[in-house]
Amino acid sequence: MRTILFIAFALSLFASLASAQAPTSGNVFFGYSYYNTDLSTLGRTNTNGWEASLEGRIAPFLGIVADFDGHYGSQNFVASNGPLSANVSEDNVLFGRRVSFSAGKFRPFAEGMIGVGHVNANAAGSNTSFATALGGGLDYRIIRPIAWRFQGDYVSTRFFGATQNNVRLSTGIVLRF
């Protein structure tokens, strides 16, 4: 079922790109990211890392976005043979649509994305899964081509056969073109 949904979304995305003119404007974002994830067997883990995205607007209020992130940390937990510590890293690659509008120096936005996530927890192993993200944020224009972004996303993954409900908060610089 997830494969069918992914294929349908991908076809919709590529059809809209094919029917639209090349993006005439957009932005590149890079910044710090905090990620609170639920790694089932390890419990909730707070990780820190980075997030980057590239958006091309196909209409004044609609854009296509590619989003990448990496988060790293460690988690202590109790196993059958005593306390253990696991180094955790999670990477996500997401694609989707973003709607936004300008209001003075502010540009609020909402987004929906799908893609893939990969986690590596040295004690528990590694796993790759389908990932989805819903969220939004606010860009504050500093000068014409530069803005500062505050963003929050709800990211859902299914590592090790269990659903994880994650919160990702990011902030950083936006370069507009």
# chains A, B, ... in the order shown; residues from 1 in each chain; ligands from 1
>>> residues_around(residues="Phe130 of chain A", least_positions_apart="6", cutoff="10 Å", atoms="only C-alpha atoms", output="list in words")
Arg2, Thr3, Phe6, Asn92, Val93, Leu94, Ile114, Gly115, Val116, Gly117, His118, Ser156, Thr157, Arg158 and Phe159 of chain A
>>> select_by_dssp(residues="segment 90-128 of chain A", states="strand (DSSP E)", output="MDAnalysis selection string")
chainID A and resid 90:100 106:121 125:128
>>> write_last_selection(atoms="N, CA and C atoms", output="mmCIF file, in the first residue's frame")
data_model
loop_
_atom_site.group_PDB
_atom_site.id
_atom_site.type_symbol
_atom_site.label_atom_id
_atom_site.label_comp_id
_atom_site.auth_asym_id
_atom_site.auth_seq_id
_atom_site.Cartn_x
_atom_site.Cartn_y
_atom_site.Cartn_z
ATOM 1 N N GLU A 90 20.548 9.404 12.323
ATOM 2 C CA GLU A 90 19.404 9.248 11.433
ATOM 3 C C GLU A 90 19.508 10.266 10.310
ATOM 4 N N ASP A 91 19.287 9.802 9.095
ATOM 5 C CA ASP A 91 19.303 10.656 7.909
ATOM 6 C C ASP A 91 17.978 10.499 7.183
ATOM 7 N N ASN A 92 17.433 11.607 6.699
ATOM 8 C CA ASN A 92 16.178 11.593 5.943
ATOM 9 C C ASN A 92 16.362 12.357 4.634
ATOM 10 N N VAL A 93 15.745 11.846 3.590
ATOM 11 C CA VAL A 93 15.686 12.517 2.289
ATOM 12 C C VAL A 93 14.211 12.577 1.926
ATOM 13 N N LEU A 94 13.679 13.795 1.814
ATOM 14 C CA LEU A 94 12.248 13.996 1.613
ATOM 15 C C LEU A 94 11.993 14.941 0.435
ATOM 16 N N PHE A 95 10.884 14.703 -0.270
ATOM 17 C CA PHE A 95 10.484 15.539 -1.395
ATOM 18 C C PHE A 95 8.997 15.843 -1.270
ATOM 19 N N GLY A 96 8.601 17.049 -1.673
ATOM 20 C CA GLY A 96 7.179 17.366 -1.603
ATOM 21 C C GLY A 96 6.870 18.763 -2.058
ATOM 22 N N ARG A 97 5.739 19.254 -1.574
ATOM 23 C CA ARG A 97 5.235 20.568 -1.957
ATOM 24 C C ARG A 97 5.210 21.486 -0.751
ATOM 25 N N ARG A 98 5.383 22.769 -1.050
ATOM 26 C CA ARG A 98 5.344 23.792 -0.004
ATOM 27 C C ARG A 98 4.475 24.940 -0.501
ATOM 28 N N VAL A 99 3.552 25.382 0.342
ATOM 29 C CA VAL A 99 2.741 26.565 0.032
ATOM 30 C C VAL A 99 3.185 27.696 0.956
ATOM 31 N N SER A 100 3.232 28.903 0.400
ATOM 32 C CA SER A 100 3.700 30.042 1.187
ATOM 33 C C SER A 100 3.132 31.335 0.599
ATOM 34 N N PHE A 106 7.858 38.917 6.399
ATOM 35 C CA PHE A 106 7.623 37.533 6.786
ATOM 36 C C PHE A 106 7.099 36.712 5.611
ATOM 37 N N ARG A 107 7.481 35.440 5.574
ATOM 38 C CA ARG A 107 6.951 34.497 4.584
ATOM 39 C C ARG A 107 6.646 33.183 5.323
ATOM 40 N N PRO A 108 5.398 33.030 5.827
ATOM 41 C CA PRO A 108 5.022 31.757 6.454
ATOM 42 C C PRO A 108 4.808 30.689 5.382
ATOM 43 N N PHE A 109 5.031 29.435 5.759
ATOM 44 C CA PHE A 109 4.849 28.335 4.808
ATOM 45 C C PHE A 109 4.374 27.079 5.525
ATOM 46 N N ALA A 110 3.751 26.200 4.744
ATOM 47 C CA ALA A 110 3.337 24.867 5.199
ATOM 48 C C ALA A 110 3.818 23.884 4.139
ATOM 49 N N GLU A 111 4.171 22.674 4.576
ATOM 50 C CA GLU A 111 4.735 21.694 3.648
ATOM 51 C C GLU A 111 4.298 20.284 3.993
ATOM 52 N N GLY A 112 4.282 19.449 2.964
ATOM 53 C CA GLY A 112 4.031 18.019 3.098
ATOM 54 C C GLY A 112 5.030 17.294 2.219
ATOM 55 N N MET A 113 5.732 16.324 2.785
ATOM 56 C CA MET A 113 6.796 15.638 2.046
ATOM 57 C C MET A 113 6.781 14.140 2.324
ATOM 58 N N ILE A 114 7.298 13.385 1.373
ATOM 59 C CA ILE A 114 7.507 11.954 1.551
ATOM 60 C C ILE A 114 8.921 11.621 1.107
ATOM 61 N N GLY A 115 9.416 10.485 1.569
ATOM 62 C CA GLY A 115 10.758 10.081 1.176
ATOM 63 C C GLY A 115 11.211 8.857 1.933
ATOM 64 N N VAL A 116 12.482 8.854 2.285
ATOM 65 C CA VAL A 116 13.100 7.699 2.923
ATOM 66 C C VAL A 116 13.953 8.166 4.098
ATOM 67 N N GLY A 117 13.995 7.346 5.134
ATOM 68 C CA GLY A 117 14.830 7.612 6.296
ATOM 69 C C GLY A 117 15.722 6.415 6.571
ATOM 70 N N HIS A 118 16.891 6.679 7.136
ATOM 71 C CA HIS A 118 17.816 5.602 7.506
ATOM 72 C C HIS A 118 18.343 5.886 8.907
ATOM 73 N N VAL A 119 18.273 4.888 9.779
ATOM 74 C CA VAL A 119 18.778 5.025 11.138
ATOM 75 C C VAL A 119 19.885 3.999 11.360
ATOM 76 N N ASN A 120 20.880 4.404 12.147
ATOM 77 C CA ASN A 120 21.946 3.504 12.550
ATOM 78 C C ASN A 120 22.148 3.688 14.045
ATOM 79 N N ALA A 121 21.798 2.666 14.807
ATOM 80 C CA ALA A 121 22.002 2.654 16.257
ATOM 81 C C ALA A 121 22.922 1.478 16.526
ATOM 82 N N GLY A 125 21.425 -1.969 15.630
ATOM 83 C CA GLY A 125 21.544 -2.208 14.201
ATOM 84 C C GLY A 125 21.103 -1.004 13.399
ATOM 85 N N SER A 126 20.903 -1.222 12.106
ATOM 86 C CA SER A 126 20.461 -0.136 11.236
ATOM 87 C C SER A 126 19.239 -0.575 10.449
ATOM 88 N N ASN A 127 18.500 0.414 9.935
ATOM 89 C CA ASN A 127 17.271 0.122 9.214
ATOM 90 C C ASN A 127 16.930 1.298 8.318
ATOM 91 N N THR A 128 16.256 1.019 7.207
ATOM 92 C CA THR A 128 15.794 2.035 6.274
ATOM 93 C C THR A 128 14.285 1.912 6.154
#
>>> atom_distance(atom1="atom CA of Ser89 of chain A", atom2="atom CA of Asn48 of chain A")
9.4 Å
>>> closest_atom_pairs(of="segment 42-141 of chain A", to="segment 32-36 of chain A", cutoff="8 Å", atoms="only C-alpha atoms", output="CSV")
residue,atom,partner,partner_atom,distance
A:Arg44,CA,A:Asn36,CA,6.8
A:Thr45,CA,A:Asn36,CA,5.7
A:Asn46,CA,A:Asn36,CA,4.6
A:Thr47,CA,A:Tyr35,CA,5.2
A:Asn48,CA,A:Tyr34,CA,4.7
A:Gly49,CA,A:Ser33,CA,5.1
A:Trp50,CA,A:Tyr32,CA,4.7
A:Glu51,CA,A:Ser33,CA,5.9
A:His71,CA,A:Tyr35,CA,6.8
>>> atom_distance(atom1="atom CA of Ala66 of chain A", atom2="atom CA of Ser53 of chain A")
5.5 Å
>>> atom_distance(atom1="atom CA of Val88 of chain A", atom2="atom CA of Phe29 of chain A")
24.4 Å
>>> select_by_dssp(residues="segment 6-167 of chain A", states="helix (DSSP H, G or I)", output="PDB file with all heavy atoms, in the first residue's frame")
ATOM      1  N   PHE A   6       3.380   6.004  -2.635  1.00  0.00           N
ATOM      2  CA  PHE A   6       4.612   6.665  -3.032  1.00  0.00           C
ATOM      3  C   PHE A   6       4.653   6.883  -4.539  1.00  0.00           C
ATOM      4  O   PHE A   6       4.975   7.963  -5.017  1.00  0.00           O
ATOM      5  CB  PHE A   6       5.830   5.851  -2.578  1.00  0.00           C
ATOM      6  CG  PHE A   6       7.131   6.453  -3.024  1.00  0.00           C
ATOM      7  CD1 PHE A   6       7.639   7.569  -2.388  1.00  0.00           C
ATOM      8  CD2 PHE A   6       7.830   5.918  -4.093  1.00  0.00           C
ATOM      9  CE1 PHE A   6       8.822   8.144  -2.797  1.00  0.00           C
ATOM     10  CE2 PHE A   6       9.020   6.484  -4.509  1.00  0.00           C
ATOM     11  CZ  PHE A   6       9.515   7.598  -3.858  1.00  0.00           C
ATOM     12  N   ILE A   7       4.303   5.860  -5.315  1.00  0.00           N
ATOM     13  CA  ILE A   7       4.306   5.971  -6.779  1.00  0.00           C
ATOM     14  C   ILE A   7       3.293   7.016  -7.234  1.00  0.00           C
ATOM     15  O   ILE A   7       3.584   7.845  -8.101  1.00  0.00           O
ATOM     16  CB  ILE A   7       4.040   4.599  -7.430  1.00  0.00           C
ATOM     17  CG1 ILE A   7       5.241   3.686  -7.197  1.00  0.00           C
ATOM     18  CG2 ILE A   7       3.759   4.739  -8.918  1.00  0.00           C
ATOM     19  CD1 ILE A   7       5.001   2.240  -7.581  1.00  0.00           C
ATOM     20  N   ALA A   8       2.100   7.029  -6.629  1.00  0.00           N
ATOM     21  CA  ALA A   8       1.074   8.009  -6.997  1.00  0.00           C
ATOM     22  C   ALA A   8       1.554   9.426  -6.702  1.00  0.00           C
ATOM     23  O   ALA A   8       1.379  10.337  -7.520  1.00  0.00           O
ATOM     24  CB  ALA A   8      -0.228   7.718  -6.262  1.00  0.00           C
ATOM     25  N   PHE A   9       2.165   9.632  -5.543  1.00  0.00           N
ATOM     26  CA  PHE A   9       2.665  10.958  -5.195  1.00  0.00           C
ATOM     27  C   PHE A   9       3.794  11.372  -6.133  1.00  0.00           C
ATOM     28  O   PHE A   9       3.842  12.507  -6.589  1.00  0.00           O
ATOM     29  CB  PHE A   9       3.138  11.007  -3.738  1.00  0.00           C
ATOM     30  CG  PHE A   9       3.623  12.364  -3.335  1.00  0.00           C
ATOM     31  CD1 PHE A   9       2.725  13.358  -2.981  1.00  0.00           C
ATOM     32  CD2 PHE A   9       4.974  12.664  -3.336  1.00  0.00           C
ATOM     33  CE1 PHE A   9       3.166  14.610  -2.624  1.00  0.00           C
ATOM     34  CE2 PHE A   9       5.420  13.917  -2.983  1.00  0.00           C
ATOM     35  CZ  PHE A   9       4.511  14.894  -2.625  1.00  0.00           C
ATOM     36  N   ALA A  10       4.724  10.449  -6.410  1.00  0.00           N
ATOM     37  CA  ALA A  10       5.848  10.755  -7.301  1.00  0.00           C
ATOM     38  C   ALA A  10       5.352  11.128  -8.700  1.00  0.00           C
ATOM     39  O   ALA A  10       5.830  12.084  -9.306  1.00  0.00           O
ATOM     40  CB  ALA A  10       6.808   9.577  -7.359  1.00  0.00           C
ATOM     41  N   LEU A  11       4.384  10.386  -9.218  1.00  0.00           N
ATOM     42  CA  LEU A  11       3.833  10.709 -10.533  1.00  0.00           C
ATOM     43  C   LEU A  11       3.157  12.069 -10.526  1.00  0.00           C
ATOM     44  O   LEU A  11       3.291  12.849 -11.468  1.00  0.00           O
ATOM     45  CB  LEU A  11       2.862   9.622 -10.986  1.00  0.00           C
ATOM     46  CG  LEU A  11       3.493   8.282 -11.376  1.00  0.00           C
ATOM     47  CD1 LEU A  11       2.412   7.261 -11.669  1.00  0.00           C
ATOM     48  CD2 LEU A  11       4.433   8.448 -12.546  1.00  0.00           C
ATOM     49  N   SER A  12       2.422  12.371  -9.451  1.00  0.00           N
ATOM     50  CA  SER A  12       1.776  13.678  -9.320  1.00  0.00           C
ATOM     51  C   SER A  12       2.813  14.790  -9.283  1.00  0.00           C
ATOM     52  O   SER A  12       2.657  15.821  -9.929  1.00  0.00           O
ATOM     53  CB  SER A  12       0.923  13.704  -8.050  1.00  0.00           C
ATOM     54  OG  SER A  12       0.558  15.003  -7.713  1.00  0.00           O
ATOM     55  N   LEU A  13       3.880  14.571  -8.546  1.00  0.00           N
ATOM     56  CA  LEU A  13       4.948  15.557  -8.426  1.00  0.00           C
ATOM     57  C   LEU A  13       5.612  15.797  -9.774  1.00  0.00           C
ATOM     58  O   LEU A  13       5.782  16.932 -10.205  1.00  0.00           O
ATOM     59  CB  LEU A  13       5.970  15.092  -7.393  1.00  0.00           C
ATOM     60  CG  LEU A  13       7.159  15.998  -7.140  1.00  0.00           C
ATOM     61  CD1 LEU A  13       6.688  17.298  -6.508  1.00  0.00           C
ATOM     62  CD2 LEU A  13       8.147  15.293  -6.230  1.00  0.00           C
ATOM     63  N   PHE A  14       5.975  14.724 -10.467  1.00  0.00           N
ATOM     64  CA  PHE A  14       6.648  14.862 -11.750  1.00  0.00           C
ATOM     65  C   PHE A  14       5.716  15.422 -12.817  1.00  0.00           C
ATOM     66  O   PHE A  14       6.144  16.167 -13.685  1.00  0.00           O
ATOM     67  CB  PHE A  14       7.260  13.539 -12.190  1.00  0.00           C
ATOM     68  CG  PHE A  14       8.404  13.116 -11.321  1.00  0.00           C
ATOM     69  CD1 PHE A  14       8.426  11.875 -10.734  1.00  0.00           C
ATOM     70  CD2 PHE A  14       9.466  13.981 -11.062  1.00  0.00           C
ATOM     71  CE1 PHE A  14       9.469  11.492  -9.920  1.00  0.00           C
ATOM     72  CE2 PHE A  14      10.509  13.609 -10.247  1.00  0.00           C
ATOM     73  CZ  PHE A  14      10.521  12.356  -9.667  1.00  0.00           C
ATOM     74  N   ALA A  15       4.431  15.100 -12.758  1.00  0.00           N
ATOM     75  CA  ALA A  15       3.472  15.657 -13.707  1.00  0.00           C
ATOM     76  C   ALA A  15       3.348  17.166 -13.524  1.00  0.00           C
ATOM     77  O   ALA A  15       3.290  17.918 -14.495  1.00  0.00           O
ATOM     78  CB  ALA A  15       2.110  14.994 -13.540  1.00  0.00           C
ATOM     79  N   SER A  16       3.325  17.616 -12.271  1.00  0.00           N
ATOM     80  CA  SER A  16       3.230  19.059 -12.039  1.00  0.00           C
ATOM     81  C   SER A  16       4.503  19.767 -12.480  1.00  0.00           C
ATOM     82  O   SER A  16       4.456  20.872 -12.990  1.00  0.00           O
ATOM     83  CB  SER A  16       2.917  19.360 -10.570  1.00  0.00           C
ATOM     84  OG  SER A  16       3.983  18.978  -9.748  1.00  0.00           O
ATOM     85  N   LEU A  17       5.656  19.108 -12.308  1.00  0.00           N
ATOM     86  CA  LEU A  17       6.900  19.701 -12.777  1.00  0.00           C
ATOM     87  C   LEU A  17       6.935  19.775 -14.295  1.00  0.00           C
ATOM     88  O   LEU A  17       7.388  20.751 -14.878  1.00  0.00           O
ATOM     89  CB  LEU A  17       8.099  18.889 -12.270  1.00  0.00           C
ATOM     90  CG  LEU A  17       8.458  19.048 -10.810  1.00  0.00           C
ATOM     91  CD1 LEU A  17       9.554  18.084 -10.423  1.00  0.00           C
ATOM     92  CD2 LEU A  17       8.888  20.468 -10.522  1.00  0.00           C
ATOM     93  N   ALA A  18       6.469  18.725 -14.956  1.00  0.00           N
ATOM     94  CA  ALA A  18       6.491  18.678 -16.413  1.00  0.00           C
ATOM     95  C   ALA A  18       5.545  19.698 -17.021  1.00  0.00           C
ATOM     96  O   ALA A  18       5.823  20.278 -18.063  1.00  0.00           O
ATOM     97  CB  ALA A  18       6.129  17.277 -16.897  1.00  0.00           C
ATOM     98  N   SER A  19       4.402  19.938 -16.377  1.00  0.00           N
ATOM     99  CA  SER A  19       3.421  20.868 -16.928  1.00  0.00           C
ATOM    100  C   SER A  19       3.732  22.321 -16.577  1.00  0.00           C
ATOM    101  O   SER A  19       3.190  23.224 -17.178  1.00  0.00           O
ATOM    102  CB  SER A  19       2.015  20.513 -16.436  1.00  0.00           C
ATOM    103  OG  SER A  19       1.941  20.711 -15.038  1.00  0.00           O
ATOM    104  N   PHE A 159      10.940   2.445  11.504  1.00  0.00           N
ATOM    105  CA  PHE A 159      12.166   1.664  11.656  1.00  0.00           C
ATOM    106  C   PHE A 159      11.912   0.428  12.501  1.00  0.00           C
ATOM    107  O   PHE A 159      11.150   0.459  13.461  1.00  0.00           O
ATOM    108  CB  PHE A 159      13.268   2.508  12.304  1.00  0.00           C
ATOM    109  CG  PHE A 159      13.685   3.694  11.476  1.00  0.00           C
ATOM    110  CD1 PHE A 159      13.688   4.956  12.013  1.00  0.00           C
ATOM    111  CD2 PHE A 159      14.065   3.537  10.159  1.00  0.00           C
ATOM    112  CE1 PHE A 159      14.070   6.048  11.268  1.00  0.00           C
ATOM    113  CE2 PHE A 159      14.451   4.614   9.387  1.00  0.00           C
ATOM    114  CZ  PHE A 159      14.452   5.881   9.948  1.00  0.00           C
ATOM    115  N   PHE A 160      12.561  -0.646  12.148  1.00  0.00           N
ATOM    116  CA  PHE A 160      12.497  -1.908  12.885  1.00  0.00           C
ATOM    117  C   PHE A 160      11.058  -2.400  13.057  1.00  0.00           C
ATOM    118  O   PHE A 160      10.706  -3.013  14.052  1.00  0.00           O
ATOM    119  CB  PHE A 160      13.183  -1.786  14.248  1.00  0.00           C
ATOM    120  CG  PHE A 160      14.607  -1.292  14.155  1.00  0.00           C
ATOM    121  CD1 PHE A 160      14.940  -0.022  14.578  1.00  0.00           C
ATOM    122  CD2 PHE A 160      15.605  -2.099  13.622  1.00  0.00           C
ATOM    123  CE1 PHE A 160      16.236   0.441  14.488  1.00  0.00           C
ATOM    124  CE2 PHE A 160      16.905  -1.646  13.527  1.00  0.00           C
ATOM    125  CZ  PHE A 160      17.233  -0.373  13.966  1.00  0.00           C
ATOM    126  N   GLY A 161      10.178  -2.090  12.085  1.00  0.00           N
ATOM    127  CA  GLY A 161       8.806  -2.581  12.095  1.00  0.00           C
ATOM    128  C   GLY A 161       7.861  -1.864  13.037  1.00  0.00           C
ATOM    129  O   GLY A 161       6.734  -2.299  13.237  1.00  0.00           O
TER     130      GLY A 161
END
>>> closest_residue(among="A:Arg176, A:Gly104, A:Asn122, A:Arg168", to="Gly135 of chain A", atoms="only C-alpha atoms")
A:Arg168
